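Asks: See run-v8.cif below, with mmCIF, C-alpha atoms; chains and numbers go by the auth columns.
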data_entry
#
loop_
_atom_site.group_PDB
_atom_site.id
_atom_site.type_symbol
_atom_site.label_atom_id
_atom_site.label_comp_id
_atom_site.label_asym_id
_atom_site.label_seq_id
_atom_site.Cartn_x
_atom_site.Cartn_y
_atom_site.Cartn_z
_atom_site.B_iso_or_equiv
_atom_site.auth_seq_id
_atom_site.auth_asym_id
ATOM 1 C CA MET A 1 102.695 62.402 70.444 0.00 556 X
ATOM 2 C CA THR A 2 99.858 61.535 68.091 0.00 557 X
ATOM 3 C CA ALA A 3 96.493 63.115 67.438 0.00 558 X
ATOM 4 C CA ALA A 4 94.815 60.060 68.955 0.00 559 X
ATOM 5 C CA GLU A 5 96.811 60.510 72.175 0.00 560 X
ATOM 6 C CA VAL A 6 95.935 64.193 72.360 0.00 561 X
ATOM 7 C CA GLN A 7 92.257 63.394 71.783 0.00 562 X
ATOM 8 C CA ARG A 8 92.445 60.856 74.613 0.00 563 X
ATOM 9 C CA LEU A 9 94.040 63.446 76.932 0.00 564 X
ATOM 10 C CA PHE A 10 91.345 66.007 76.173 0.00 565 X
ATOM 11 C CA VAL A 11 88.590 63.453 76.793 0.00 566 X
ATOM 12 C CA TYR A 12 90.297 62.670 80.104 0.00 567 X
ATOM 13 C CA ASN A 13 90.587 66.374 80.953 0.00 568 X
ATOM 14 C CA ALA A 14 86.864 66.912 80.359 0.00 569 X
ATOM 15 C CA TRP A 15 86.023 63.821 82.437 0.00 570 X
ATOM 16 C CA ALA A 16 88.199 65.035 85.322 0.00 571 X
ATOM 17 C CA ASN A 17 86.708 68.526 85.192 0.00 572 X
ATOM 18 C CA GLU A 18 83.188 67.084 85.165 0.00 573 X
ATOM 19 C CA ARG A 19 83.977 64.924 88.212 0.00 574 X
ATOM 20 C CA THR A 20 85.397 67.948 89.994 0.00 575 X
ATOM 21 C CA PHE A 21 82.375 70.116 89.237 0.00 576 X
ATOM 22 C CA GLY A 22 80.144 67.272 90.411 0.00 577 X
ATOM 23 C CA ALA A 23 81.955 67.039 93.742 0.00 578 X
ATOM 24 C CA LEU A 24 81.909 70.794 94.201 0.00 579 X
ATOM 25 C CA ALA A 25 78.141 70.888 93.745 0.00 580 X
ATOM 26 C CA GLY A 26 77.840 69.105 97.088 0.00 581 X
ATOM 27 C CA ILE A 27 79.786 71.585 99.214 0.00 582 X
ATOM 28 C CA PRO A 28 78.412 74.730 100.870 0.00 583 X
ATOM 29 C CA ALA A 29 78.863 78.048 99.078 0.00 584 X
ATOM 30 C CA GLU A 30 80.959 79.344 101.987 0.00 585 X
ATOM 31 C CA SER A 31 83.554 76.616 101.410 0.00 586 X
ATOM 32 C CA TYR A 32 83.454 77.079 97.659 0.00 587 X
ATOM 33 C CA ARG A 33 83.894 80.871 97.872 0.00 588 X
ATOM 34 C CA ALA A 34 86.289 81.038 100.851 0.00 589 X
ATOM 35 C CA ASP A 35 89.647 82.747 100.367 0.00 590 X
ATOM 36 C CA MET A 36 92.013 80.007 101.480 0.00 591 X
ATOM 37 C CA LYS A 37 95.173 81.981 100.677 0.00 592 X
ATOM 38 C CA SER A 38 96.054 79.640 97.821 0.00 593 X
ATOM 39 C CA SER A 39 97.678 80.770 94.583 0.00 594 X
ATOM 40 C CA HIS A 40 94.246 81.649 93.156 0.00 595 X
ATOM 41 C CA GLY A 41 92.507 82.409 96.438 0.00 596 X
ATOM 42 C CA GLY A 42 90.465 79.313 97.028 0.00 597 X
ATOM 43 C CA ILE A 43 88.368 76.699 95.293 0.00 598 X
ATOM 44 C CA HIS A 44 86.387 79.100 93.111 0.00 599 X
ATOM 45 C CA GLY A 45 89.453 81.083 92.065 0.00 600 X
ATOM 46 C CA THR A 46 91.373 77.926 91.201 0.00 601 X
ATOM 47 C CA MET A 47 88.512 76.424 89.188 0.00 602 X
ATOM 48 C CA LEU A 48 88.082 79.759 87.440 0.00 603 X
ATOM 49 C CA HIS A 49 91.794 79.716 86.588 0.00 604 X
ATOM 50 C CA ILE A 50 91.522 76.198 85.099 0.00 605 X
ATOM 51 C CA ILE A 51 88.622 77.152 82.843 0.00 606 X
ATOM 52 C CA PHE A 52 90.060 80.573 81.968 0.00 607 X
ATOM 53 C CA ALA A 53 93.327 78.917 80.881 0.00 608 X
ATOM 54 C CA GLN A 54 91.530 76.388 78.682 0.00 609 X
ATOM 55 C CA HIS A 55 89.562 79.166 77.021 0.00 610 X
ATOM 56 C CA LEU A 56 92.670 81.319 76.642 0.00 611 X
ATOM 57 C CA TRP A 57 94.664 78.535 74.955 0.00 612 X
ATOM 58 C CA LEU A 58 91.734 77.715 72.680 0.00 613 X
ATOM 59 C CA LEU A 59 91.578 81.342 71.561 0.00 614 X
ATOM 60 C CA ARG A 60 95.335 81.323 70.959 0.00 615 X
ATOM 61 C CA TRP A 61 95.057 78.165 68.832 0.00 616 X
ATOM 62 C CA MET A 62 92.297 79.802 66.817 0.00 617 X
ATOM 63 C CA GLY A 63 94.319 83.007 66.393 0.00 618 X
ATOM 64 C CA GLN A 64 91.712 85.088 68.229 0.00 619 X
ATOM 65 C CA PRO A 65 92.208 87.857 70.811 0.00 620 X
ATOM 66 C CA HIS A 66 92.111 87.069 74.528 0.00 621 X
ATOM 67 C CA ASP A 67 89.134 89.306 75.263 0.00 622 X
ATOM 68 C CA ALA A 68 86.548 86.514 75.213 0.00 623 X
ATOM 69 C CA ALA A 69 88.431 84.574 77.895 0.00 624 X
ATOM 70 C CA PHE A 70 88.448 87.588 80.207 0.00 625 X
ATOM 71 C CA GLU A 71 84.764 88.294 79.550 0.00 626 X
ATOM 72 C CA GLY A 72 83.793 84.671 80.210 0.00 627 X
ATOM 73 C CA SER A 73 85.657 84.720 83.509 0.00 628 X
ATOM 74 C CA LYS A 74 83.889 87.888 84.643 0.00 629 X
ATOM 75 C CA LYS A 75 80.507 86.239 84.088 0.00 630 X
ATOM 76 C CA ALA A 76 81.427 83.091 86.059 0.00 631 X
ATOM 77 C CA ALA A 77 80.812 84.402 89.568 0.00 632 X
ATOM 78 C CA SER A 78 79.147 81.254 90.942 0.00 633 X
ATOM 79 C CA LEU A 79 79.785 77.539 90.663 0.00 634 X
ATOM 80 C CA ASP A 80 76.766 77.094 88.386 0.00 635 X
ATOM 81 C CA ALA A 81 77.816 79.999 86.166 0.00 636 X
ATOM 82 C CA LEU A 82 81.376 78.701 85.974 0.00 637 X
ATOM 83 C CA ARG A 83 80.235 75.194 85.096 0.00 638 X
ATOM 84 C CA SER A 84 77.959 76.605 82.384 0.00 639 X
ATOM 85 C CA HIS A 85 80.855 78.650 81.007 0.00 640 X
ATOM 86 C CA TRP A 86 83.093 75.574 81.107 0.00 641 X
ATOM 87 C CA LEU A 87 80.522 73.551 79.152 0.00 642 X
ATOM 88 C CA ASP A 88 80.583 76.233 76.449 0.00 643 X
ATOM 89 C CA VAL A 89 84.398 76.287 76.402 0.00 644 X
ATOM 90 C CA GLU A 90 84.489 72.493 76.333 0.00 645 X
ATOM 91 C CA LYS A 91 82.078 72.397 73.390 0.00 646 X
ATOM 92 C CA GLU A 92 84.242 74.927 71.497 0.00 647 X
ATOM 93 C CA THR A 93 87.382 72.966 72.355 0.00 648 X
ATOM 94 C CA ARG A 94 85.852 69.715 71.119 0.00 649 X
ATOM 95 C CA ALA A 95 84.744 71.367 67.861 0.00 650 X
ATOM 96 C CA PHE A 96 88.219 72.815 67.315 0.00 651 X
ATOM 97 C CA LEU A 97 89.931 69.482 67.953 0.00 652 X
ATOM 98 C CA ASP A 98 87.486 67.614 65.727 0.00 653 X
ATOM 99 C CA ALA A 99 88.095 70.074 62.894 0.00 654 X
ATOM 100 C CA ARG A 100 91.853 70.615 63.129 0.00 655 X
ATOM 101 C CA LEU A 101 93.598 67.862 65.068 0.00 656 X
ATOM 102 C CA ASN A 102 95.874 65.500 63.170 0.00 657 X
ATOM 103 C CA ASP A 103 99.484 64.395 63.598 0.00 658 X
ATOM 104 C CA ALA A 104 100.880 67.045 61.249 0.00 659 X
ATOM 105 C CA PHE A 105 98.931 69.819 62.985 0.00 660 X
ATOM 106 C CA LEU A 106 100.505 68.891 66.324 0.00 661 X
ATOM 107 C CA ARG A 107 103.965 69.603 64.868 0.00 662 X
ATOM 108 C CA GLU A 108 102.992 72.985 63.424 0.00 663 X
ATOM 109 C CA THR A 109 104.121 76.069 65.310 0.00 664 X
ATOM 110 C CA PHE A 110 102.219 79.199 66.171 0.00 665 X
ATOM 111 C CA VAL A 111 103.109 82.440 67.887 0.00 666 X
ATOM 112 C CA MET A 112 101.143 83.139 71.021 0.00 667 X
ATOM 113 C CA LYS A 113 101.126 86.172 73.252 0.00 668 X
ATOM 114 C CA THR A 114 100.917 86.012 76.998 0.00 669 X
ATOM 115 C CA THR A 115 98.406 88.157 78.818 0.00 670 X
ATOM 116 C CA ASN A 116 101.369 90.528 79.406 0.00 671 X
ATOM 117 C CA GLY A 117 102.033 90.774 75.674 0.00 672 X
ATOM 118 C CA GLU A 118 105.188 88.628 75.455 0.00 673 X
ATOM 119 C CA ALA A 119 105.366 86.516 72.294 0.00 674 X
ATOM 120 C CA PHE A 120 106.476 82.885 72.227 0.00 675 X
ATOM 121 C CA THR A 121 106.522 80.208 69.546 0.00 676 X
ATOM 122 C CA HIS A 122 105.246 76.726 70.421 0.00 677 X
ATOM 123 C CA THR A 123 103.988 73.691 68.609 0.00 678 X
ATOM 124 C CA TYR A 124 100.298 72.982 68.949 0.00 679 X
ATOM 125 C CA GLY A 125 101.239 69.633 70.494 0.00 680 X
ATOM 126 C CA GLU A 126 103.382 71.246 73.206 0.00 681 X
ATOM 127 C CA SER A 127 100.671 73.700 74.134 0.00 682 X
ATOM 128 C CA MET A 128 97.929 71.062 74.158 0.00 683 X
ATOM 129 C CA LEU A 129 99.953 68.806 76.417 0.00 684 X
ATOM 130 C CA HIS A 130 100.655 71.827 78.612 0.00 685 X
ATOM 131 C CA LEU A 131 96.958 72.620 78.922 0.00 686 X
ATOM 132 C CA VAL A 132 96.026 69.144 80.134 0.00 687 X
ATOM 133 C CA ASN A 133 98.969 69.095 82.541 0.00 688 X
ATOM 134 C CA HIS A 134 98.081 72.594 83.800 0.00 689 X
ATOM 135 C CA SER A 135 94.507 71.523 84.471 0.00 690 X
ATOM 136 C CA SER A 136 95.658 68.401 86.344 0.00 691 X
ATOM 137 C CA TYR A 137 98.034 70.433 88.488 0.00 692 X
ATOM 138 C CA HIS A 138 95.329 72.881 89.515 0.00 693 X
ATOM 139 C CA ARG A 139 92.702 70.168 90.051 0.00 694 X
ATOM 140 C CA GLY A 140 95.205 68.750 92.547 0.00 695 X
ATOM 141 C CA GLN A 141 95.174 72.098 94.306 0.00 696 X
ATOM 142 C CA VAL A 142 91.367 72.046 94.343 0.00 697 X
ATOM 143 C CA ALA A 143 91.484 68.568 95.910 0.00 698 X
ATOM 144 C CA THR A 144 93.790 69.849 98.654 0.00 699 X
ATOM 145 C CA LEU A 145 91.593 72.897 99.274 0.00 700 X
ATOM 146 C CA MET A 146 88.519 70.675 99.485 0.00 701 X
ATOM 147 C CA ARG A 147 90.249 68.469 102.077 0.00 702 X
ATOM 148 C CA GLN A 148 91.347 71.518 104.063 0.00 703 X
ATOM 149 C CA ALA A 149 87.711 72.659 104.128 0.00 704 X
ATOM 150 C CA GLY A 150 86.577 69.218 105.350 0.00 705 X
ATOM 151 C CA HIS A 151 85.207 67.870 102.061 0.00 706 X
ATOM 152 C CA VAL A 152 86.035 64.774 100.045 0.00 707 X
ATOM 153 C CA PRO A 153 87.478 65.532 96.601 0.00 708 X
ATOM 154 C CA PRO A 154 86.789 63.320 93.603 0.00 709 X
ATOM 155 C CA ALA A 155 89.361 60.880 92.289 0.00 710 X
ATOM 156 C CA THR A 156 90.537 62.229 88.940 0.00 711 X
ATOM 157 C CA ASP A 157 93.606 60.122 88.175 0.00 712 X
ATOM 158 C CA TYR A 158 94.094 59.314 84.502 0.00 713 X
ATOM 159 C CA ILE A 159 94.260 55.576 85.210 0.00 714 X
ATOM 160 C CA LEU A 160 90.712 55.643 86.647 0.00 715 X
ATOM 161 C CA HIS A 161 89.498 57.213 83.442 0.00 716 X
ATOM 162 C CA ALA A 162 91.378 54.616 81.387 0.00 717 X
ATOM 163 C CA ARG A 163 89.763 51.799 83.380 0.00 718 X
ATOM 164 C CA GLN A 164 86.307 53.217 82.693 0.00 719 X
ATOM 165 C CA LEU A 165 86.977 53.174 78.962 0.00 720 X
ATOM 166 C CA ARG A 166 87.465 49.402 78.935 0.00 721 X
ATOM 167 C CA PRO A 167 84.456 47.182 78.312 0.00 722 X
ATOM 168 C CA GLY A 168 83.013 46.464 81.750 0.00 723 X
ATOM 169 C CA GLY A 169 85.448 49.039 83.132 0.00 724 X
ATOM 170 C CA ASP A 170 85.893 49.808 86.794 0.00 725 X
ATOM 171 C CA THR A 171 85.102 53.172 88.345 0.00 726 X
#
Here is a file; write its structure as structure tokens.

Replies:
Amino acid sequence: MTAAEVQRLFVYNAWANERTFGALAGIPAESYRADMKSSHGGIHGTMLHIIFAQHLWLLRWMGQPHDAAFEGSKKAASLDALRSHWLDVEKETRAFLDARLNDAFLRETFVMKTTNGEAFTHTYGESMLHLVNHSSYHRGQVATLMRQAGHVPPATDYILHARQLRPGGDT
């Protein structure tokens, strides 16, 4: 995996999150907030989990404590607040990648601690790939929850993003 590939995946991840937030803006608050008995409650809980995880991994990569991720999540009680928080996290993520990402960095290891305090060693590349995959997995859950609530989810497949990047690209 190269730095260019990781950059491409993070651009895709931001695009997919933006499309998801855009689609969610059109659904009633009752659907957005409903507890649908999913792994993170419902749409809001699952979106919150996606953004919390991105912030948490960013803090781990920067060697900072987890507290900011928990605090950001507590403030994101509505769709608008969560989207605003995500934009801040996305800006921080982009700045980190722009400053640190290169092929050698991806092979470096770091020790991270889970929210339960367990320590694990990973390469930055492994954890970055994990984050994008994690987000895709949970966006799929959001799509299912939207359908179950009678709403149309956005298409967020990577190939759609790739097509848009081409000159005269399709949507």

Asks: Enter the distance from CA of Thr648 (chain X) to CA of Val561 (chain X), in Å, rounded to one decimal.

Replies: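 A separation of 12.3 Å between them.
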
Asks: On this file, the PyMOL selection byres ((chain X and resi 571) around 9) gives some set of residues; write that set as number ranges by chain.

Replies: X: 566-570, 572-576, 691, 694, 709-713, 716

Asks: Now that the selection is made, can you save its residues with C-alpha atoms as a short mmCIF file (atom, residue, chain, number, x, y, z; two decimals), in the frame of the given file?

Replies:
data_model
loop_
_atom_site.label_atom_id
_atom_site.label_comp_id
_atom_site.auth_asym_id
_atom_site.auth_seq_id
_atom_site.Cartn_x
_atom_site.Cartn_y
_atom_site.Cartn_z
CA VAL X 566 88.59 63.45 76.79
CA TYR X 567 90.30 62.67 80.10
CA ASN X 568 90.59 66.37 80.95
CA ALA X 569 86.86 66.91 80.36
CA TRP X 570 86.02 63.82 82.44
CA ASN X 572 86.71 68.53 85.19
CA GLU X 573 83.19 67.08 85.16
CA ARG X 574 83.98 64.92 88.21
CA THR X 575 85.40 67.95 89.99
CA PHE X 576 82.38 70.12 89.24
CA SER X 691 95.66 68.40 86.34
CA ARG X 694 92.70 70.17 90.05
CA PRO X 709 86.79 63.32 93.60
CA ALA X 710 89.36 60.88 92.29
CA THR X 711 90.54 62.23 88.94
CA ASP X 712 93.61 60.12 88.18
CA TYR X 713 94.09 59.31 84.50
CA HIS X 716 89.50 57.21 83.44
#

Asks: Quick one: of X:His604, X:Phe565, X:Gly705, X:Met683, who's nearest to Lys629 (chain X), counting all atoms listed in the file?

Replies: X:His604

Asks: Which residues, named as in the file, does the PyMOL selection byres ((chain X and resi 581) around 12) pick out? Answer as JSON, numbers by chain.

Replies: {"X": [574, 575, 576, 577, 578, 579, 580, 582, 583, 584, 585, 586, 587, 634, 635, 701, 706, 707, 708, 709]}

Asks: Identify which of the residues X:Gln696, X:Asn657, X:Ser628, X:Thr670 lies closest to Ala559 (chain X), counting all atoms listed in the file when measuring atom-to-atom distances.

Replies: X:Asn657

Asks: So which residues get picked by the PyMOL selection byres ((chain X and resi 677) around 12) here, written as a list in words?

Replies: Trp612, Arg615, Trp616, Phe660, Leu661, Arg662, Glu663, Thr664, Phe665, Val666, Met667, Lys668, Ala674, Phe675, Thr676, Thr678, Tyr679, Gly680, Glu681, Ser682, Met683, Leu684 and His685 of chain X

Asks: Suppose we keep C-alpha atoms; can you now write the selection as a PDB file, in the frame of the given file?

Replies:
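Below is the file that was written, result.pdb:
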ATOM      1  CA  TRP X 612      94.664  78.535  74.955  1.00  0.00           C
ATOM      2  CA  ARG X 615      95.335  81.323  70.959  1.00  0.00           C
ATOM      3  CA  TRP X 616      95.057  78.165  68.832  1.00  0.00           C
ATOM      4  CA  PHE X 660      98.931  69.819  62.985  1.00  0.00           C
ATOM      5  CA  LEU X 661     100.505  68.891  66.324  1.00  0.00           C
ATOM      6  CA  ARG X 662     103.965  69.603  64.868  1.00  0.00           C
ATOM      7  CA  GLU X 663     102.992  72.985  63.424  1.00  0.00           C
ATOM      8  CA  THR X 664     104.121  76.069  65.310  1.00  0.00           C
ATOM      9  CA  PHE X 665     102.219  79.199  66.171  1.00  0.00           C
ATOM     10  CA  VAL X 666     103.109  82.440  67.887  1.00  0.00           C
ATOM     11  CA  MET X 667     101.143  83.139  71.021  1.00  0.00           C
ATOM     12  CA  LYS X 668     101.126  86.172  73.252  1.00  0.00           C
ATOM     13  CA  ALA X 674     105.366  86.516  72.294  1.00  0.00           C
ATOM     14  CA  PHE X 675     106.476  82.885  72.227  1.00  0.00           C
ATOM     15  CA  THR X 676     106.522  80.208  69.546  1.00  0.00           C
ATOM     16  CA  THR X 678     103.988  73.691  68.609  1.00  0.00           C
ATOM     17  CA  TYR X 679     100.298  72.982  68.949  1.00  0.00           C
ATOM     18  CA  GLY X 680     101.239  69.633  70.494  1.00  0.00           C
ATOM     19  CA  GLU X 681     103.382  71.246  73.206  1.00  0.00           C
ATOM     20  CA  SER X 682     100.671  73.700  74.134  1.00  0.00           C
ATOM     21  CA  MET X 683      97.929  71.062  74.158  1.00  0.00           C
ATOM     22  CA  LEU X 684      99.953  68.806  76.417  1.00  0.00           C
ATOM     23  CA  HIS X 685     100.655  71.827  78.612  1.00  0.00           C
TER      24      HIS X 685
END

Asks: In Å, rounded to a single decimal, give me how far CA of Ala623 (chain X) is from CA of Ser594 (chain X).

Replies: 23.1 Å

Asks: Grab the CA of Phe625 (chain X) to CA of Ala608 (chain X) distance for me, in Å with one decimal place.

Replies: 10.0 Å

Asks: With all atoms listed in the file as the counted atoms, please give the residues lying no more than 12 Å from Lys592 (chain X), apart from itself and same-chain residues fewer than 4 positions off, as a PDB file with C-alpha atoms, in the coordinates of the input.

Replies:
ATOM      1  CA  ARG X 588      83.894  80.871  97.872  1.00  0.00           C
ATOM      2  CA  GLY X 596      92.507  82.409  96.438  1.00  0.00           C
ATOM      3  CA  GLY X 597      90.465  79.313  97.028  1.00  0.00           C
ATOM      4  CA  ILE X 598      88.368  76.699  95.293  1.00  0.00           C
ATOM      5  CA  HIS X 599      86.387  79.100  93.111  1.00  0.00           C
ATOM      6  CA  GLY X 600      89.453  81.083  92.065  1.00  0.00           C
ATOM      7  CA  THR X 601      91.373  77.926  91.201  1.00  0.00           C
ATOM      8  CA  GLN X 696      95.174  72.098  94.306  1.00  0.00           C
ATOM      9  CA  LEU X 700      91.593  72.897  99.274  1.00  0.00           C
ATOM     10  CA  GLN X 703      91.347  71.518 104.063  1.00  0.00           C
TER      11      GLN X 703
END
